[in-house]
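Here is my_file10.txt, consisting of compact mmCIF, C-alpha atoms:
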```txt
# COMPACT_ATOMS: atom_id res chain seq x y z
CA MET A 1 93.26 98.26 125.93
CA ASP A 2 92.60 96.79 122.51
CA TYR A 3 93.78 93.84 120.45
CA GLU A 4 95.32 94.45 117.06
CA GLU A 5 96.55 91.78 114.69
CA GLY A 6 99.94 92.22 113.10
CA PHE A 7 103.45 90.91 112.61
CA ALA A 8 106.66 92.20 114.17
CA ALA A 9 108.53 94.74 112.05
CA THR A 10 111.48 92.37 111.69
CA ASP A 11 109.44 89.32 110.62
CA VAL A 12 111.00 89.17 107.16
CA GLU A 13 109.48 85.78 106.32
CA GLU A 14 105.95 87.14 106.75
CA VAL A 15 106.83 90.24 104.71
CA GLU A 16 107.96 88.04 101.83
CA ARG A 17 105.01 85.67 102.25
CA ALA A 18 102.62 88.63 101.98
CA GLY A 19 104.32 89.72 98.76
CA LEU A 20 105.33 93.09 100.21
CA LYS A 21 108.55 94.97 99.56
CA LYS A 22 110.82 95.22 102.57
CA SER A 23 111.84 98.67 101.39
CA ASP A 24 108.19 99.84 101.44
CA LEU A 25 107.78 98.69 105.03
CA ALA A 26 111.09 100.28 106.10
CA THR A 27 110.12 103.56 104.42
CA LEU A 28 106.71 103.56 106.10
CA ILE A 29 108.20 102.92 109.55
CA SER A 30 110.87 105.59 109.17
CA SER A 31 108.38 108.11 107.79
CA VAL A 32 105.98 107.61 110.70
CA PHE A 33 108.63 108.22 113.33
CA GLN A 34 110.29 111.09 111.51
CA SER A 35 106.90 112.79 111.18
CA GLN A 36 106.43 112.40 114.94
CA ILE A 37 109.77 114.09 115.58
CA PHE A 38 109.64 116.93 113.10
CA GLN A 39 105.90 117.59 112.75
CA SER A 40 103.96 116.68 115.90
CA GLY A 41 106.82 116.76 118.42
CA PHE A 42 105.09 113.91 120.30
CA ILE A 43 107.25 110.83 119.93
CA HIS A 44 106.96 107.10 120.61
CA CYS A 45 110.48 106.49 121.96
CA ASP A 46 110.45 102.69 122.29
CA PRO A 47 109.98 101.31 118.75
CA HIS A 48 111.55 97.90 119.26
CA PRO A 49 110.22 95.25 116.82
CA ALA A 50 107.54 93.94 119.19
CA ASN A 51 106.08 97.45 119.50
CA VAL A 52 106.07 98.15 115.76
CA LEU A 53 103.65 95.82 114.01
CA TRP A 54 102.43 95.67 110.43
CA ARG A 55 99.73 93.92 108.44
CA PRO A 56 99.01 93.83 104.71
CA LYS A 57 96.32 96.09 103.27
CA ALA A 58 94.05 95.23 100.37
CA ASN A 59 96.04 97.50 98.05
CA GLY A 60 99.21 95.48 98.57
CA LYS A 61 100.81 98.03 100.87
CA PRO A 62 101.74 97.56 104.55
CA GLN A 63 99.74 99.14 107.37
CA LEU A 64 101.53 100.09 110.58
CA ILE A 65 100.29 99.43 114.11
CA LEU A 66 102.14 100.97 117.07
CA VAL A 67 101.64 99.41 120.51
CA ASP A 68 102.91 99.96 124.05
CA HIS A 69 102.45 103.71 124.43
CA GLY A 70 104.18 103.99 127.79
CA LEU A 71 107.33 105.82 126.72
CA TYR A 72 106.48 109.03 124.87
CA LYS A 73 108.34 112.32 124.88
CA GLU A 74 106.95 115.73 123.93
CA ILE A 75 109.76 117.96 122.67
CA SER A 76 109.79 121.74 122.67
CA ASP A 77 109.52 123.74 119.45
CA ASP A 78 112.99 125.21 119.99
CA PHE A 79 114.57 121.77 120.28
CA ARG A 80 112.49 120.41 117.38
CA LEU A 81 113.65 123.19 115.07
CA THR A 82 117.30 122.92 116.11
CA TYR A 83 117.15 119.15 115.60
CA ALA A 84 115.56 119.73 112.20
CA GLN A 85 118.33 122.15 111.23
CA LEU A 86 120.88 119.53 112.27
CA TRP A 87 119.30 116.76 110.18
CA LYS A 88 118.90 119.01 107.16
CA SER A 89 122.59 119.87 107.47
CA LEU A 90 123.48 116.18 107.83
CA LEU A 91 121.51 115.39 104.67
CA THR A 92 123.13 118.13 102.61
CA ALA A 93 126.57 117.66 104.23
CA ASP A 94 126.59 121.30 105.34
CA ILE A 95 129.55 121.25 107.74
CA ASN A 96 128.99 124.78 109.05
CA GLY A 97 125.31 124.02 109.59
CA ILE A 98 126.22 120.85 111.51
CA LYS A 99 128.66 122.79 113.71
CA LYS A 100 126.10 125.51 114.43
CA SER A 101 123.25 123.12 115.27
CA CYS A 102 125.46 120.94 117.46
CA GLY A 103 126.68 124.07 119.26
CA THR A 104 123.07 125.06 119.98
CA LEU A 105 122.61 121.59 121.49
CA GLY A 106 125.64 122.14 123.73
CA VAL A 107 128.16 120.13 121.69
CA TYR A 108 131.08 122.06 120.22
CA ASP A 109 134.42 120.35 119.56
CA MET A 110 132.83 116.89 119.49
CA TYR A 111 130.27 117.68 116.80
CA PRO A 112 131.72 115.02 114.43
CA LEU A 113 131.04 112.39 117.09
CA LEU A 114 127.44 113.53 117.58
CA ALA A 115 126.90 113.46 113.81
CA ALA A 116 128.34 109.93 113.60
CA MET A 117 126.14 108.74 116.47
CA LEU A 118 122.99 110.11 114.84
CA THR A 119 123.69 108.74 111.36
CA SER A 120 125.60 105.60 112.37
CA ARG A 121 128.11 106.52 109.68
CA PRO A 122 131.70 107.78 109.94
CA PHE A 123 132.00 111.56 109.88
CA ASP A 124 134.56 111.17 107.10
CA GLU A 125 131.65 110.18 104.86
CA ILE A 126 129.94 113.51 105.53
CA LEU A 127 133.16 115.31 104.68
CA GLU A 128 133.35 113.36 101.41
CA ARG A 129 129.71 114.14 100.59
CA SER A 130 130.35 117.84 101.23
CA LYS A 131 132.78 117.70 98.30
CA THR A 132 130.69 115.57 95.93
CA GLN A 133 127.27 117.02 96.91
CA THR A 134 125.70 113.56 97.00
CA PHE A 135 123.66 111.72 99.64
CA SER A 136 125.93 108.68 99.72
CA ALA A 137 129.68 108.46 99.44
CA GLN A 138 131.60 105.71 97.73
CA SER A 139 133.47 103.53 100.20
CA PRO A 140 137.24 103.37 99.71
CA PRO A 141 138.63 100.13 98.27
CA GLY A 142 138.39 97.33 100.80
CA MET A 143 135.73 99.16 102.86
CA ASP A 144 132.19 97.85 103.28
CA SER A 145 129.35 98.07 105.80
CA ASN A 146 131.25 95.81 108.21
CA SER A 147 134.26 98.13 107.96
CA ASP A 148 132.02 101.10 108.72
CA LYS A 149 130.64 99.31 111.79
CA ALA A 150 134.17 98.53 112.93
CA MET A 151 135.07 102.19 112.50
CA ILE A 152 132.06 103.27 114.58
CA ARG A 153 133.02 100.79 117.30
CA GLY A 154 136.53 102.20 117.18
CA TYR A 155 135.12 105.70 117.70
CA ALA A 156 133.15 104.46 120.71
CA GLN A 157 136.21 102.84 122.28
CA GLN A 158 138.53 105.73 121.55
CA TYR A 159 136.17 108.50 122.65
CA LEU A 160 134.28 106.78 125.47
CA ARG A 161 135.03 109.55 127.95
CA GLU A 162 134.04 112.24 125.45
CA ILE A 163 130.81 110.38 124.62
CA ILE A 164 129.86 110.29 128.30
CA GLN A 165 130.65 114.00 128.63
CA MET A 166 128.66 114.78 125.51
CA LEU A 167 125.62 112.82 126.70
CA ASP A 168 125.72 114.87 129.87
CA LYS A 169 125.64 118.14 127.90
CA VAL A 170 122.94 117.54 125.30
CA PRO A 171 119.28 118.30 126.09
CA ARG A 172 117.55 115.41 127.86
CA GLU A 173 115.29 114.91 124.84
CA MET A 174 118.31 113.71 122.88
CA LEU A 175 118.78 110.68 125.11
CA LEU A 176 115.38 109.24 124.23
CA LEU A 177 115.93 110.09 120.55
CA PHE A 178 119.19 108.13 120.65
CA LYS A 179 117.24 105.17 122.02
CA MET A 180 114.56 105.57 119.35
CA ASN A 181 117.16 105.82 116.58
CA ASP A 182 118.90 102.66 117.78
CA CYS A 183 115.60 100.75 117.70
CA LEU A 184 114.79 101.99 114.19
CA ARG A 185 118.32 101.20 113.02
CA HIS A 186 117.86 97.61 114.21
CA ILE A 187 114.62 97.33 112.20
CA ASP A 188 116.30 98.78 109.10
CA HIS A 189 119.14 96.29 109.44
CA ALA A 190 116.72 93.38 109.76
CA LEU A 191 114.85 94.56 106.65
CA GLY A 192 118.11 94.94 104.73
CA VAL A 193 117.79 98.71 104.24
CA ARG A 194 120.85 100.91 103.89
CA SER A 195 121.41 103.57 106.55
CA VAL A 196 121.46 106.29 103.88
CA ASN A 197 117.73 105.73 103.32
CA THR A 198 116.98 106.77 106.90
CA LEU A 199 119.23 109.80 106.41
CA VAL A 200 117.24 110.82 103.32
CA ILE A 201 113.83 110.34 104.98
CA ALA A 202 114.82 112.18 108.16
CA GLY A 203 116.42 114.96 106.11
CA LYS A 204 113.30 115.30 103.96
CA TYR A 205 111.02 115.77 106.97
CA ALA A 206 113.56 118.09 108.61
CA ALA A 207 113.83 120.26 105.49
CA GLY A 208 110.04 120.51 105.29
CA THR A 209 109.86 121.56 108.94
CA ILE A 210 112.49 124.27 108.44
CA TYR A 211 110.75 125.62 105.33
CA ARG A 212 107.33 125.79 106.98
CA GLU A 213 108.75 127.57 110.02
CA GLU A 214 110.67 130.07 107.92
CA ASP A 215 107.62 130.74 105.78
CA ARG A 216 105.40 131.18 108.85
CA CYS A 217 107.83 133.61 110.43
CA LEU A 218 108.24 135.58 107.22
CA ARG A 219 104.47 135.88 106.79
CA ASN A 220 103.84 136.82 110.42
CA ASP A 221 107.04 138.84 111.05
CA CYS A 222 107.91 136.72 114.07
CA ASP A 223 111.22 136.89 115.91
CA ARG A 224 112.47 133.29 115.82
CA GLY A 225 115.73 134.33 114.24
CA VAL A 226 114.32 134.34 110.72
CA ILE A 227 113.57 138.00 110.15
CA GLY A 228 113.86 141.37 111.83
CA ASN A 229 112.08 144.47 110.63
CA SER A 230 112.34 143.84 106.91
CA SER A 231 110.12 145.48 104.34
CA SER A 232 107.25 143.67 102.69
CA VAL A 233 109.30 143.26 99.51
CA GLY A 234 112.21 141.90 101.55
CA ARG A 235 109.95 139.32 103.19
CA ILE A 236 108.61 138.21 99.82
CA VAL A 237 112.17 137.77 98.51
CA MET A 238 113.16 135.80 101.60
CA ARG A 239 110.07 133.58 101.31
CA TRP A 240 110.98 132.92 97.69
CA LYS A 241 114.55 132.00 98.67
CA ALA A 242 113.30 129.69 101.44
CA TRP A 243 110.97 127.95 98.98
CA LEU A 244 113.77 127.54 96.41
CA SER A 245 116.06 126.08 99.07
CA TYR A 246 113.39 123.55 100.05
CA VAL A 247 112.60 122.64 96.44
CA HIS A 248 116.32 122.15 95.77
CA VAL A 249 116.51 119.62 98.62
CA LEU A 250 113.40 117.80 97.31
CA TYR A 251 114.88 117.74 93.80
CA ARG A 252 118.10 116.18 95.07
CA ILE A 253 116.13 113.60 97.05
CA ARG A 254 114.01 112.72 94.03
CA LEU A 255 117.09 112.40 91.85
CA TYR A 256 118.74 110.14 94.42
CA GLU A 257 115.60 107.96 94.62
CA MET A 258 115.44 107.63 90.83
CA VAL A 259 119.12 106.66 90.60
CA SER A 260 118.71 104.15 93.46
CA TRP A 261 115.62 102.63 91.82
CA TYR A 262 117.38 102.33 88.47
CA SER A 263 120.44 100.76 90.09
CA SER A 264 118.32 98.19 91.93
CA ARG A 265 116.48 97.27 88.72
CA LYS A 266 119.79 96.93 86.92
CA ILE A 267 121.13 94.62 89.60
CA THR A 268 118.05 92.41 89.57
```
Could you rewrite the structure in this file as structure tokens?
Amino acid sequence: MDYEEGFAATDVEEVERAGLKKSDLATLISSVFQSQIFQSGFIHCDPHPANVLWRPKANGKPQLILVDHGLYKEISDDFRLTYAQLWKSLLTADINGIKKSCGTLGVYDMYPLLAAMLTSRPFDEILERSKTQTFSAQSPPGMDSNSDKAMIRGYAQQYLREIIQMLDKVPREMLLLFKMNDCLRHIDHALGVRSVNTLVIAGKYAAGTIYREEDRCLRNDCDRGVIGNSSSVGRIVMRWKAWLSYVHVLYRIRLYEMVSWYSSRKIT
């Protein structure tokens, strides 16, 4: 046991009093938990605000302190990679990729519902982004965040039986990740961060995980579905394609971040 000073993640008044940006704190929190999922595979699954503390550092940035380490889950590499493929597909609005990853997790016809539960956004938005190739879709006239929440609640009421059936089919690891995502979503909401930011951060870590695994398999000629008995030249070409795919995702993320930063400066 140890004592650590800090404020709750949702203590907005203290964040403002310390002169910190709420977006910086939200990004730090999301990055820490996404790195646990996609890199270490050892996850703190109970990040409610009292368990996620912060304190200001001398450089003006927030420092994170995680407490109450009683609910951790260690996920398998197979699940971690499938989950990473799913989040990369959610980020890039790759409908076929979403279907395939959800199928691997035991969810077939109800894959739009699983995608909506993970992102807390209507699946129609993913369909729209698949056409525009953006990370955020424009809401139709008269639609706002409250309308989106109402739509999600409507999904839950309409497909309650299907949700229960789906939760019975997915790997048990998913249940704790749902809980973790709900806790993080609550923190984001309290800090005034849009849900698309979590999508981008999770997708970034997921894309990095997929690239590193593909590159490792191509270098070591492993059999995790990446390569068979290709020639050395073929492996080099495939490694190059994997790197380009990863760089393309990073480029799109960077472009989105620049546009978002410019828009926020323009508003202020």
**Asked** Which of these, A:Glu125, A:Glu14, A:Glu214, A:Glu173, has the shortest distance to Gln85 in chain A once you count all atoms listed in the file?
**Response**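 Comparing A:Glu125, A:Glu14, A:Glu214, A:Glu173 against Gln85 in chain A, the winner is A:Glu214.
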**Item:** Residue nearest Leu64 in chain A among A:Ile98, A:Ile210, A:Cys45, A:Leu28 (counting only C-alpha atoms)
**Value:**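 For Leu64 in chain A, the nearest of the candidates is A:Leu28.
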**Request:** Could you give me, as a ChimeraX atom specification, the residues within 7 Å of range 128-131 of chain A, counting only C-alpha atoms and dropping anything in the same chain fewer than 4 positions from it?
**Result:** /A:93-94,124,135-137
**Message:** Considering only C-alpha atoms, can you say which of A:Val12, A:Leu191, A:Arg219, A:Tyr111 comes closest to Glu162 in chain A?
**Reply:**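 Checking each candidate against Glu162 in chain A, we get A:Tyr111 as the closest.
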Can you pull out the residues contacting Arg252 in chain A? Cut-off 12 Å, using all atoms listed in the file, and skip same-chain residues under 4 positions away; I want them as a short mmCIF file (atom, residue, chain, number, x, y, z; two decimals) with C-alpha atoms, keeping the file's coordinate frame.
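New file out24.cif:
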```
data_model
loop_
_atom_site.label_atom_id
_atom_site.label_comp_id
_atom_site.auth_asym_id
_atom_site.auth_seq_id
_atom_site.Cartn_x
_atom_site.Cartn_y
_atom_site.Cartn_z
CA LEU A 91 121.51 115.39 104.67
CA THR A 92 123.13 118.13 102.61
CA GLN A 133 127.27 117.02 96.91
CA THR A 134 125.70 113.56 97.00
CA PHE A 135 123.66 111.72 99.64
CA SER A 136 125.93 108.68 99.72
CA VAL A 200 117.24 110.82 103.32
CA GLY A 203 116.42 114.96 106.11
CA LYS A 204 113.30 115.30 103.96
CA ALA A 207 113.83 120.26 105.49
CA SER A 245 116.06 126.08 99.07
CA TYR A 246 113.39 123.55 100.05
CA VAL A 247 112.60 122.64 96.44
CA HIS A 248 116.32 122.15 95.77
CA TYR A 256 118.74 110.14 94.42
CA GLU A 257 115.60 107.96 94.62
CA MET A 258 115.44 107.63 90.83
CA VAL A 259 119.12 106.66 90.60
#
```
**Request:** Take CA of Tyr205 in chain A and CA of Ile65 in chain A and report the distance between them in Å, one decimal.
**Result:** 20.8 Å
**Request:** Mind giving me the straight-line distance from CA of Val249 in chain A to CA of Gln34 in chain A in Å, one decimal?
**Result:** 16.7 Å
**Request:** May I ask for the distance between CA of Leu177 in chain A and CA of Phe79 in chain A, given in Å to one decimal place?
**Result:**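 For CA of Leu177 in chain A relative to CA of Phe79 in chain A, the distance reads 11.8 Å.
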**Message:** Here is a test: counting all atoms listed in the file, which residue of A:Ile43, A:Ile187, A:Ile126, A:Ala202 is nearest to Gly70 in chain A?
**Reply:**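 The answer is A:Ile43, which sits nearest to Gly70 in chain A.
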Please write out, as AutoDock Vina command-line options, where the centre of an axis-aligned box around all listed atoms of range 44-61 of chain A lies and how long its edges are, in Å to one decimal, after adding 8 Å on each side.
```
--center_x 102.8 --center_y 100.5 --center_z 110.2 --size_x 33.5 --size_y 29.3 --size_z 40.2
```
**Item:** Residue with smallest distance to Ile95 in chain A - pool A:Asp77, A:Val196, A:Leu167, A:Phe123, counting all atoms listed in the file
**Value:**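 When distances to Ile95 in chain A are compared using all atoms listed in the file, the smallest one comes from A:Phe123.
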Using all atoms listed in the file, which residues sit within 10 Å of Lys57 in chain A once same-chain residues fewer than 4 positions away are excluded, as a JSON list (two decimals) with C-alpha atoms, in the coordinates of the input?
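What follows is the written file around39.json:
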```json
[["chain", "number", "residue", "atom", "x", "y", "z"],
["A", 18, "ALA", "CA", 102.62, 88.63, 101.98],
["A", 20, "LEU", "CA", 105.33, 93.09, 100.21],
["A", 61, "LYS", "CA", 100.81, 98.03, 100.87],
["A", 62, "PRO", "CA", 101.74, 97.56, 104.55],
["A", 63, "GLN", "CA", 99.74, 99.14, 107.37],
["A", 64, "LEU", "CA", 101.53, 100.09, 110.58]]
```
**Request:** Determine the nearest neighbour of Leu105 in chain A from the options A:Pro171, A:Pro56, A:Gly41, A:Pro47, counting all atoms listed in the file.
**Result:**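 Of all the options, A:Pro171 lies closest to Leu105 in chain A.
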**Item:** Long-range neighbours of Asp109 in chain A as JSON, numbers by chain, 12 Å cut-off, all atoms listed in the file, 4 positions minimum in chain
**Value:** {"A": [98, 99, 100, 102, 103, 113, 114, 115, 162, 163, 165, 166]}
Would you mind exporting C-alpha atoms of the selected residues as a tab-separated table (two decimals), keeping the file's coordinate frame?
```tsv
chain	number	residue	atom	x	y	z
A	98	ILE	CA	126.22	120.85	111.51
A	99	LYS	CA	128.66	122.79	113.71
A	100	LYS	CA	126.10	125.51	114.43
A	102	CYS	CA	125.46	120.94	117.46
A	103	GLY	CA	126.68	124.07	119.26
A	113	LEU	CA	131.04	112.39	117.09
A	114	LEU	CA	127.44	113.53	117.58
A	115	ALA	CA	126.90	113.46	113.81
A	162	GLU	CA	134.04	112.24	125.45
A	163	ILE	CA	130.81	110.38	124.62
A	165	GLN	CA	130.65	114.00	128.63
A	166	MET	CA	128.66	114.78	125.51
```
**Asked** If you count only C-alpha atoms, which residues fall within 12 Å of Val15 in chain A, apart from same-chain ones fewer than 2 positions away, as a PyMOL selection string?
**Response** chain A and resi 6-13+17-26+53-56+60-63+190-191
